[in-house]
file final-v3.tsv (TSV, C-alpha atoms)
chain	number	residue	atom	x	y	z
M	13	MET	CA	53.98	17.30	-85.51
M	14	ALA	CA	50.50	15.88	-85.89
M	15	THR	CA	50.28	12.11	-86.17
M	16	THR	CA	48.35	10.52	-88.99
M	17	GLU	CA	45.58	8.04	-88.33
M	18	GLU	CA	47.94	5.18	-89.22
M	19	ASP	CA	50.45	6.31	-86.59
M	20	GLU	CA	48.09	6.83	-83.66
M	21	VAL	CA	48.51	4.39	-80.81
M	22	ILE	CA	45.50	2.15	-80.28
M	23	THR	CA	44.60	-0.87	-78.19
M	24	LYS	CA	42.61	-3.82	-79.49
M	25	MET	CA	41.17	-6.76	-77.60
M	26	VAL	CA	41.56	-10.16	-79.24
M	27	VAL	CA	38.93	-12.45	-77.75
M	28	ILE	CA	39.18	-16.21	-78.17
M	29	SER	CA	35.97	-18.14	-78.69
M	30	ASP	CA	37.25	-21.69	-78.85
M	31	SER	CA	39.74	-24.07	-77.31
M	32	LEU	CA	42.75	-21.95	-78.20
M	33	LEU	CA	44.99	-20.69	-75.41
M	34	PRO	CA	45.94	-17.02	-75.13
M	35	ALA	CA	49.62	-18.08	-75.13
M	36	GLU	CA	49.22	-19.83	-78.51
M	37	VAL	CA	47.59	-16.77	-80.01
M	38	ALA	CA	50.28	-14.53	-78.49
M	39	ILE	CA	53.03	-16.59	-80.16
M	40	SER	CA	51.17	-16.39	-83.48
M	41	ALA	CA	50.84	-12.63	-83.00
M	42	TYR	CA	54.53	-12.14	-82.30
M	43	LYS	CA	55.35	-14.08	-85.47
M	44	ILE	CA	53.39	-11.52	-87.48
M	45	THR	CA	54.87	-8.39	-85.92
M	46	SER	CA	57.01	-7.52	-82.96
M	47	ASP	CA	56.24	-3.81	-83.04
M	48	VAL	CA	53.25	-4.15	-80.73
M	49	THR	CA	52.90	-4.74	-77.01
M	50	ILE	CA	50.87	-7.84	-76.22
M	51	LYS	CA	49.28	-8.60	-72.87
M	52	GLU	CA	47.75	-12.01	-72.25
M	53	THR	CA	44.43	-11.98	-70.42
M	54	CYS	CA	41.84	-14.54	-69.39
M	55	TYR	CA	39.78	-13.93	-72.54
M	56	GLY	CA	42.64	-13.57	-75.03
M	57	LEU	CA	45.03	-10.72	-75.71
M	58	MET	CA	45.27	-6.98	-75.47
M	59	VAL	CA	47.42	-5.53	-78.20
M	60	THR	CA	48.77	-1.99	-78.14
M	61	GLY	CA	50.72	-0.26	-80.88
M	62	LYS	CA	50.47	1.92	-83.92
M	63	ARG	CA	47.23	1.36	-85.82
M	64	ARG	CA	49.09	0.17	-88.89
M	65	GLU	CA	50.89	-2.58	-86.98
M	66	VAL	CA	47.91	-3.59	-84.85
M	67	ASP	CA	45.67	-3.90	-87.91
M	68	ARG	CA	48.32	-5.96	-89.72
M	69	MET	CA	48.58	-8.27	-86.74
M	70	VAL	CA	44.81	-8.65	-86.46
M	71	ALA	CA	44.52	-9.42	-90.18
M	72	GLY	CA	47.22	-12.06	-89.80
M	73	LEU	CA	45.54	-13.64	-86.79
M	74	ARG	CA	42.20	-13.70	-88.61
M	75	TYR	CA	43.91	-15.42	-91.53
M	76	GLU	CA	45.35	-18.05	-89.19
M	77	HIS	CA	42.26	-18.57	-87.00
M	78	PRO	CA	39.35	-17.39	-89.17
M	79	HIS	CA	36.51	-18.46	-86.88
M	80	LYS	CA	38.12	-18.56	-83.48
M	81	ILE	CA	39.11	-15.00	-82.67
M	82	PHE	CA	37.03	-11.84	-82.37
M	83	VAL	CA	38.48	-8.36	-82.18
M	84	LYS	CA	37.30	-5.00	-80.94
M	85	GLU	CA	39.00	-1.75	-80.14
M	86	ARG	CA	39.44	-0.69	-76.53
M	87	GLY	CA	39.32	2.89	-75.34
M	88	TYR	CA	41.66	2.68	-72.36
M	89	PRO	CA	45.27	1.50	-72.68
M	90	PRO	CA	46.20	-1.73	-70.81
M	91	GLY	CA	46.91	-1.22	-67.12
M	92	ASP	CA	45.19	2.17	-67.06
M	93	SER	CA	44.47	3.02	-63.43
M	94	ARG	CA	40.92	4.07	-64.32
M	95	ARG	CA	40.13	0.53	-65.46
M	96	CYS	CA	42.79	-1.86	-64.15
M	97	ARG	CA	41.60	-4.05	-61.27
M	98	ALA	CA	44.94	-3.70	-59.51
M	99	ASP	CA	44.15	-0.07	-58.68
M	100	ARG	CA	40.46	-0.54	-58.06
M	101	GLY	CA	40.66	-2.76	-55.02
M	102	GLY	CA	39.37	-5.90	-56.72
M	103	GLY	CA	36.10	-6.89	-58.36
M	104	PRO	CA	35.43	-7.15	-62.07
M	105	ARG	CA	36.62	-4.25	-64.16
M	106	PRO	CA	34.01	-2.01	-65.83
M	107	GLY	CA	32.94	-3.64	-69.07
M	108	PHE	CA	33.72	-7.20	-67.96
M	109	HIS	CA	30.10	-8.30	-67.63
M	110	GLN	CA	29.32	-7.13	-71.15
M	111	LEU	CA	32.34	-9.00	-72.47
M	112	LYS	CA	31.34	-12.12	-70.54
M	113	TYR	CA	27.81	-11.95	-71.96
M	114	GLU	CA	29.14	-11.79	-75.50
M	115	LEU	CA	31.80	-14.44	-74.85
M	116	ASP	CA	29.10	-17.00	-74.11
M	117	ILE	CA	27.56	-16.63	-77.57
M	118	LEU	CA	30.81	-16.47	-79.55
M	119	PRO	CA	30.91	-20.25	-80.33
M	120	ASP	CA	27.50	-19.91	-82.02
M	121	ILE	CA	28.66	-16.83	-83.93
M	122	SER	CA	31.68	-18.88	-85.08
M	123	LYS	CA	29.30	-21.50	-86.50
M	124	GLY	CA	27.56	-18.67	-88.37
M	125	LEU	CA	30.89	-17.60	-89.84
M	126	VAL	CA	31.44	-21.15	-91.10
M	127	LEU	CA	28.07	-20.92	-92.87
M	128	VAL	CA	29.12	-17.59	-94.40
M	129	ASP	CA	32.19	-19.30	-95.86
M	130	ARG	CA	29.95	-22.01	-97.30
M	131	GLY	CA	27.78	-19.36	-98.95
M	132	SER	CA	24.61	-20.08	-96.96
M	133	LYS	CA	21.64	-17.70	-96.94
M	134	PRO	CA	19.66	-16.66	-93.86
M	135	VAL	CA	16.48	-18.57	-93.14
M	136	PRO	CA	13.63	-16.37	-91.89
M	137	ARG	CA	12.39	-17.73	-88.58
M	138	PRO	CA	9.07	-16.76	-86.98
M	139	ARG	CA	9.46	-14.96	-83.67
M	140	GLN	CA	8.17	-16.82	-80.67
M	141	LYS	CA	4.83	-15.34	-79.60
M	142	ASN	CA	4.14	-14.16	-76.08
M	143	ILE	CA	2.09	-16.47	-73.91
M	144	ASP	CA	-1.66	-16.11	-74.22
M	145	VAL	CA	-3.25	-13.95	-71.48
M	146	ASP	CA	-5.83	-16.58	-70.50
M	147	ARG	CA	-3.15	-19.26	-70.27
M	148	PHE	CA	-1.01	-16.91	-68.19
M	149	ARG	CA	-3.90	-16.29	-65.81
M	150	GLN	CA	-4.49	-20.03	-65.57
M	151	ILE	CA	-0.84	-20.57	-64.57
M	152	ILE	CA	-1.02	-17.83	-61.94
M	153	ASP	CA	-4.20	-19.29	-60.52
M	154	THR	CA	-2.69	-22.78	-60.39
M	155	VAL	CA	0.41	-21.53	-58.60
M	156	THR	CA	-1.37	-19.28	-56.14
M	157	GLY	CA	-4.25	-21.72	-55.63
M	158	ARG	CA	-6.87	-19.00	-56.09
M	159	GLU	CA	-8.73	-20.38	-59.07
M	160	GLY	CA	-12.10	-19.08	-57.89
M	161	ASP	CA	-10.91	-15.50	-57.19
M	162	ALA	CA	-9.67	-14.88	-60.72
M	163	GLN	CA	-13.11	-15.57	-62.16
M	164	GLN	CA	-14.74	-12.81	-60.14
G	1	MET	CA	31.61	2.29	-95.62
G	2	LYS	CA	31.30	3.53	-92.06
G	3	ILE	CA	28.75	1.44	-90.21
G	4	PHE	CA	27.10	2.64	-87.02
G	5	ILE	CA	26.60	-0.24	-84.60
G	6	TYR	CA	24.15	-0.51	-81.73
G	7	PRO	CA	25.02	-1.52	-78.98
G	8	PRO	CA	27.86	0.90	-79.75
G	9	ASN	CA	30.44	-1.09	-77.76
G	10	SER	CA	29.51	-4.56	-79.02
G	11	LEU	CA	32.39	-6.96	-79.60
G	12	ILE	CA	30.41	-9.16	-81.98
G	13	LEU	CA	29.10	-6.33	-84.17
G	14	SER	CA	32.42	-4.51	-84.21
G	15	ASP	CA	34.20	-7.70	-85.29
G	16	LEU	CA	31.66	-8.75	-87.92
G	17	VAL	CA	31.57	-5.32	-89.57
G	18	GLU	CA	35.37	-5.15	-89.72
G	19	ARG	CA	35.63	-8.77	-90.86
G	20	PHE	CA	33.23	-8.17	-93.75
G	21	GLY	CA	35.29	-5.24	-94.99
G	22	HIS	CA	33.65	-2.13	-93.53
G	23	GLN	CA	34.60	0.29	-90.78
G	24	PRO	CA	32.64	-0.02	-87.53
G	25	LEU	CA	31.81	3.25	-85.79
G	26	ALA	CA	32.35	2.04	-82.25
G	27	LEU	CA	32.07	3.97	-79.04
G	28	MET	CA	35.49	2.76	-77.87
G	29	ASN	CA	37.18	4.88	-80.52
G	30	GLU	CA	35.56	8.06	-79.19
G	31	VAL	CA	36.35	7.11	-75.60
G	32	ARG	CA	39.99	6.52	-76.57
G	33	LYS	CA	40.28	10.00	-78.07
G	34	ARG	CA	39.05	11.48	-74.80
G	35	VAL	CA	40.92	9.42	-72.24
G	36	THR	CA	44.27	9.51	-74.02
G	37	ASP	CA	44.12	13.24	-74.68
G	38	PRO	CA	47.10	15.05	-73.11
G	39	SER	CA	44.83	17.67	-71.56
G	40	LEU	CA	42.76	15.71	-69.08
G	41	ASP	CA	40.36	18.36	-67.81
G	42	SER	CA	37.67	16.26	-66.23
G	43	PRO	CA	38.68	12.74	-65.20
G	44	PRO	CA	37.91	9.91	-65.63
G	45	MET	CA	36.08	10.21	-68.97
G	46	ASN	CA	37.17	13.77	-69.71
G	47	MET	CA	33.59	14.92	-70.22
G	48	THR	CA	33.82	18.66	-69.70
G	49	PRO	CA	30.95	21.08	-69.00
G	50	ASP	CA	31.08	22.01	-72.68
G	51	ASP	CA	29.89	18.57	-73.75
G	52	PRO	CA	26.27	18.91	-72.56
G	53	LYS	CA	26.22	22.18	-74.52
G	54	ARG	CA	27.37	20.34	-77.64
G	55	GLY	CA	24.61	17.82	-76.95
G	56	LEU	CA	22.08	20.58	-77.62
G	57	LYS	CA	22.54	19.67	-81.27
G	58	TRP	CA	20.53	16.50	-80.62
G	59	ALA	CA	18.37	17.22	-77.57
G	60	ALA	CA	16.50	20.21	-76.16
G	61	ILE	CA	17.71	22.23	-73.16
G	62	GLU	CA	15.22	20.64	-70.76
G	63	VAL	CA	16.63	17.17	-71.50
G	64	PRO	CA	18.91	16.02	-68.63
G	65	SER	CA	22.55	16.94	-69.05
G	66	GLY	CA	23.49	13.25	-68.80
G	67	VAL	CA	21.59	12.55	-72.02
G	68	ARG	CA	23.08	15.58	-73.75
G	69	GLY	CA	26.58	14.69	-72.62
G	70	ARG	CA	26.22	11.14	-73.93
G	71	MET	CA	24.84	12.43	-77.22
G	72	ALA	CA	27.85	14.75	-77.49
G	73	LEU	CA	30.12	11.73	-77.03
G	74	MET	CA	28.30	9.84	-79.76
G	75	ASP	CA	27.95	12.83	-82.08
G	76	PRO	CA	30.83	11.79	-84.38
G	77	LEU	CA	29.35	8.30	-84.68
G	78	ILE	CA	25.97	9.67	-85.80
G	79	GLU	CA	27.53	12.24	-88.11
G	80	HIS	CA	29.77	9.79	-89.96
G	81	ALA	CA	27.30	6.90	-90.18
G	82	GLU	CA	26.62	5.75	-93.73
G	83	ALA	CA	24.63	2.68	-92.67
G	84	ALA	CA	23.60	1.17	-89.36
G	85	ILE	CA	23.07	-2.16	-87.65
G	86	ILE	CA	20.76	-1.96	-84.64
G	87	VAL	CA	20.44	-4.97	-82.38
G	88	GLU	CA	17.60	-4.86	-79.88
G	89	ASP	CA	17.20	-6.61	-76.54
G	90	ALA	CA	20.84	-6.99	-75.61
G	91	GLU	CA	20.64	-7.73	-71.90
G	92	TYR	CA	23.78	-5.82	-71.05
G	93	MET	CA	22.23	-2.60	-72.35
G	94	PHE	CA	20.28	-2.57	-69.12
G	95	GLY	CA	22.78	-1.34	-66.60
G	96	CYS	CA	26.24	0.01	-66.79
G	97	LEU	CA	26.19	1.31	-70.36
G	98	GLY	CA	24.09	4.03	-68.88
G	99	CYS	CA	20.97	5.71	-69.93
G	100	ALA	CA	17.97	4.02	-71.54
G	101	ARG	CA	16.61	7.36	-72.75
G	102	THR	CA	19.89	8.19	-74.50
G	103	ASN	CA	19.73	4.82	-76.20
G	104	GLU	CA	16.18	5.52	-77.38
G	105	LEU	CA	17.20	8.94	-78.68
G	106	LEU	CA	20.26	7.47	-80.37
G	107	LYS	CA	18.23	4.83	-82.20
G	108	TYR	CA	15.59	7.40	-83.17
G	109	THR	CA	18.25	9.77	-84.54
G	110	ILE	CA	19.83	7.02	-86.61
G	111	ARG	CA	16.47	5.86	-88.00
G	112	LYS	CA	15.57	9.45	-88.96
G	113	LYS	CA	18.89	9.98	-90.72
G	114	GLY	CA	17.72	8.19	-93.86
G	115	ILE	CA	20.57	5.71	-94.09
G	116	PRO	CA	20.17	1.94	-94.63
G	117	VAL	CA	19.42	0.33	-91.27
G	118	LEU	CA	19.41	-3.37	-90.41
G	119	GLU	CA	17.39	-4.16	-87.29
G	120	LEU	CA	17.87	-7.49	-85.56
G	121	GLN	CA	17.14	-9.16	-82.25
G	122	TYR	CA	20.00	-10.23	-80.02
G	123	PRO	CA	20.52	-13.98	-80.65
G	124	LEU	CA	19.64	-16.25	-77.75
G	125	ASN	CA	20.33	-19.67	-79.28
G	126	GLU	CA	22.52	-21.31	-81.91
G	127	ASP	CA	20.09	-21.06	-84.83
G	128	ASP	CA	19.41	-17.39	-84.13
G	129	ALA	CA	23.13	-16.72	-83.91
G	130	LYS	CA	23.77	-18.35	-87.28
G	131	ASN	CA	20.96	-16.34	-88.87
G	132	PHE	CA	22.27	-13.22	-87.15
G	133	VAL	CA	25.67	-13.56	-88.85
G	134	LEU	CA	24.11	-14.40	-92.23
G	135	TYR	CA	21.76	-11.40	-92.11
G	136	ILE	CA	24.63	-9.06	-91.28
G	137	LYS	CA	26.75	-10.51	-94.09
G	138	GLU	CA	23.88	-10.13	-96.56
G	139	PHE	CA	23.23	-6.53	-95.47
G	140	LEU	CA	26.87	-5.48	-95.68
G	141	ASP	CA	27.31	-7.12	-99.08
G	142	LYS	CA	24.41	-5.11	-100.47
G	143	LEU	CA	26.06	-1.86	-99.43
G	144	LYS	CA	28.63	-0.13	-101.59
G	145	PRO	CA	31.65	-2.42	-102.09
G	146	ALA	CA	34.23	-1.75	-99.45
G	147	THR	CA	37.93	-2.35	-99.35
G	148	THR	CA	38.74	-5.85	-98.21
G	149	PRO	CA	42.19	-6.64	-96.87
G	150	SER	CA	44.34	-8.01	-99.66
G	151	LYS	CA	46.13	-11.32	-99.24
G	152	GLU	CA	49.49	-9.60	-99.53
G	153	ALA	CA	48.65	-7.36	-96.58
G	154	VAL	CA	47.58	-10.40	-94.61
G	155	GLN	CA	50.71	-12.38	-95.33
call {"tool": "encode", "arguments": {"input": "final-v3.tsv", "output": "structure tokens"}}
result
Amino acid sequence: MATTEEDEVITKMVVISDSLLPAEVAISAYKITSDVTIKETCYGLMVTGKRREVDRMVAGLRYEHPHKIFVKERGYPPGDSRRCRADRGGGPRPGFHQLKYELDILPDISKGLVLVDRGSKPVPRPRQKNIDVDRFRQIIDTVTGREGDAQQ
Amino acid sequence: MKIFIYPPNSLILSDLVERFGHQPLALMNEVRKRVTDPSLDSPPMNMTPDDPKRGLKWAAIEVPSGVRGRMALMDPLIEHAEAAIIVEDAEYMFGCLGCARTNELLKYTIRKKGIPVLELQYPLNEDDAKNFVLYIKEFLDKLKPATTPSKEAVQ
């Protein structure tokens, strides 16, 4: 029998951007539903279950911590040997560096979400211009000590 | 509405689109369909020799098969996109996500599709990040009203 979209098994990553602990979020998650499998990780949680249940849990967590958690779907199930570090002989798992890069900016994104709740509007900001070519040449000449050569 | 996001695996974009009541078209969903399929023909990503052929829909035969295969993977995302958010200059797009030429082709295809597109720069400081969120909120609000999770569903 074909499964509907609501019944398909998915995995979502719940990433914490603030001072919360993964254990605290896991307890909150289990209070919302116990029909999902939750794995605590260094960045938050990995939640596996039927889409209906996972989405309900995510909505509940967002209600509880509106600006502190960020969620995205994950392709591979938790512990999958194609991704899990335990089977890969160490080193960061594929995708970790991207997650780390985004983790660093999450506190600032959270501040943006607070502004959204306050009904703020975006303020257009001029883009920083590239350095002037003559100034750039001057810097190179200063560093390399070849001021006379650049003029020729 | 279904929103195409670029970078297609971005945590921030995926979260913001879902949070503001739309459906993100993320790459992870397509990867999941392939890697959890019972018939695993070509591990690890289950990209079979048929996929570069399907990629001919988006790129010519002389284009490398890697580009065509990636376009085949992202085909459902392009097909179902009703709007798009493209974020340029994400540092992690240089490296393990793969092919710069595929990314160029992907962005070109989305821009040519005639759907509303929001183009932003990846935020590098706090003020940019705040503006980034506000621009995305404004863009998504202007699109057709989407279903937002009701309070009953939340509680």
call {"tool": "residues_near_point", "arguments": {"input": "final-v3.tsv", "point": "(19.6, -0.8, -87.2)", "cutoff": "12 Å", "atoms": "only C-alpha atoms", "output": "mmCIF file with C-alpha atoms, in the frame of the given file"}}
result
data_model
loop_
_atom_site.group_PDB
_atom_site.id
_atom_site.type_symbol
_atom_site.label_atom_id
_atom_site.label_comp_id
_atom_site.auth_asym_id
_atom_site.auth_seq_id
_atom_site.Cartn_x
_atom_site.Cartn_y
_atom_site.Cartn_z
ATOM 1 C CA ILE G 3 28.750 1.440 -90.210
ATOM 2 C CA PHE G 4 27.100 2.640 -87.020
ATOM 3 C CA ILE G 5 26.600 -0.240 -84.600
ATOM 4 C CA TYR G 6 24.150 -0.510 -81.730
ATOM 5 C CA PRO G 7 25.020 -1.520 -78.980
ATOM 6 C CA PRO G 8 27.860 0.900 -79.750
ATOM 7 C CA LEU G 13 29.100 -6.330 -84.170
ATOM 8 C CA ALA G 81 27.300 6.900 -90.180
ATOM 9 C CA GLU G 82 26.620 5.750 -93.730
ATOM 10 C CA ALA G 83 24.630 2.680 -92.670
ATOM 11 C CA ALA G 84 23.600 1.170 -89.360
ATOM 12 C CA ILE G 85 23.070 -2.160 -87.650
ATOM 13 C CA ILE G 86 20.760 -1.960 -84.640
ATOM 14 C CA VAL G 87 20.440 -4.970 -82.380
ATOM 15 C CA GLU G 88 17.600 -4.860 -79.880
ATOM 16 C CA LEU G 106 20.260 7.470 -80.370
ATOM 17 C CA LYS G 107 18.230 4.830 -82.200
ATOM 18 C CA TYR G 108 15.590 7.400 -83.170
ATOM 19 C CA THR G 109 18.250 9.770 -84.540
ATOM 20 C CA ILE G 110 19.830 7.020 -86.610
ATOM 21 C CA ARG G 111 16.470 5.860 -88.000
ATOM 22 C CA LYS G 112 15.570 9.450 -88.960
ATOM 23 C CA LYS G 113 18.890 9.980 -90.720
ATOM 24 C CA GLY G 114 17.720 8.190 -93.860
ATOM 25 C CA ILE G 115 20.570 5.710 -94.090
ATOM 26 C CA PRO G 116 20.170 1.940 -94.630
ATOM 27 C CA VAL G 117 19.420 0.330 -91.270
ATOM 28 C CA LEU G 118 19.410 -3.370 -90.410
ATOM 29 C CA GLU G 119 17.390 -4.160 -87.290
ATOM 30 C CA LEU G 120 17.870 -7.490 -85.560
ATOM 31 C CA GLN G 121 17.140 -9.160 -82.250
ATOM 32 C CA TYR G 122 20.000 -10.230 -80.020
ATOM 33 C CA TYR G 135 21.760 -11.400 -92.110
ATOM 34 C CA ILE G 136 24.630 -9.060 -91.280
ATOM 35 C CA PHE G 139 23.230 -6.530 -95.470
#
call {"tool": "residues_around", "arguments": {"input": "final-v3.tsv", "residues": "stretch 118-127 of chain M", "least_positions_apart": "2", "cutoff": "9 Å", "atoms": "all atoms listed in the file", "output": "JSON, numbers by chain"}}
result
{"M": [28, 29, 30, 78, 79, 80, 81, 82, 114, 115, 116, 129, 130, 131, 132, 133], "G": [12, 125, 126, 127, 128, 129, 130, 131, 132, 133, 134]}
call {"tool": "write_last_selection", "arguments": {"input": "final-v3.tsv", "atoms": "C-alpha atoms", "output": "tab-separated table (two decimals), in the coordinates of the input"}}
result
chain	number	residue	atom	x	y	z
M	28	ILE	CA	39.18	-16.21	-78.17
M	29	SER	CA	35.97	-18.14	-78.69
M	30	ASP	CA	37.25	-21.69	-78.85
M	78	PRO	CA	39.35	-17.39	-89.17
M	79	HIS	CA	36.51	-18.46	-86.88
M	80	LYS	CA	38.12	-18.56	-83.48
M	81	ILE	CA	39.11	-15.00	-82.67
M	82	PHE	CA	37.03	-11.84	-82.37
M	114	GLU	CA	29.14	-11.79	-75.50
M	115	LEU	CA	31.80	-14.44	-74.85
M	116	ASP	CA	29.10	-17.00	-74.11
M	129	ASP	CA	32.19	-19.30	-95.86
M	130	ARG	CA	29.95	-22.01	-97.30
M	131	GLY	CA	27.78	-19.36	-98.95
M	132	SER	CA	24.61	-20.08	-96.96
M	133	LYS	CA	21.64	-17.70	-96.94
G	12	ILE	CA	30.41	-9.16	-81.98
G	125	ASN	CA	20.33	-19.67	-79.28
G	126	GLU	CA	22.52	-21.31	-81.91
G	127	ASP	CA	20.09	-21.06	-84.83
G	128	ASP	CA	19.41	-17.39	-84.13
G	129	ALA	CA	23.13	-16.72	-83.91
G	130	LYS	CA	23.77	-18.35	-87.28
G	131	ASN	CA	20.96	-16.34	-88.87
G	132	PHE	CA	22.27	-13.22	-87.15
G	133	VAL	CA	25.67	-13.56	-88.85
G	134	LEU	CA	24.11	-14.40	-92.23
call {"tool": "interface_residues", "arguments": {"input": "final-v3.tsv", "of": "chain G", "to": "chain M", "cutoff": "10 Å", "atoms": "all atoms listed in the file", "output": "JSON, numbers by chain"}}
result
{"G": [9, 10, 11, 12, 13, 14, 15, 16, 18, 19, 24, 26, 27, 28, 29, 30, 31, 32, 33, 34, 35, 36, 43, 44, 45, 90, 91, 92, 93, 95, 96, 97, 121, 123, 124, 125, 126, 127, 128, 129, 130, 131, 132, 133, 134, 135, 136, 137, 138, 149, 150, 151, 153, 154, 155]}
call {"tool": "axis_aligned_box", "arguments": {"input": "final-v3.tsv", "around": "stretch 71-90 of chain G", "padding_each_side": "6 Å", "output": "JSON"}}
result
{"center_x": 24.0, "center_y": 3.9, "center_z": -84.7, "size_x": 25.6, "size_y": 33.7, "size_z": 30.1}
call {"tool": "atom_distance", "arguments": {"input": "final-v3.tsv", "atom1": "atom CA of M:Glu65", "atom2": "atom CA of M:Asp19"}}
result
8.9 Å
call {"tool": "atom_distance", "arguments": {"input": "final-v3.tsv", "atom1": "atom CA of M:Glu36", "atom2": "atom CA of M:Cys54"}}
result
12.9 Å
call {"tool": "residues_around", "arguments": {"input": "final-v3.tsv", "residues": "G:Leu56", "least_positions_apart": "2", "cutoff": "12 Å", "atoms": "only C-alpha atoms", "output": "count of residues only"}}
result
22
call {"tool": "atom_distance", "arguments": {"input": "final-v3.tsv", "atom1": "atom CA of M:Thr16", "atom2": "atom CA of M:Gly61"}}
result
13.7 Å
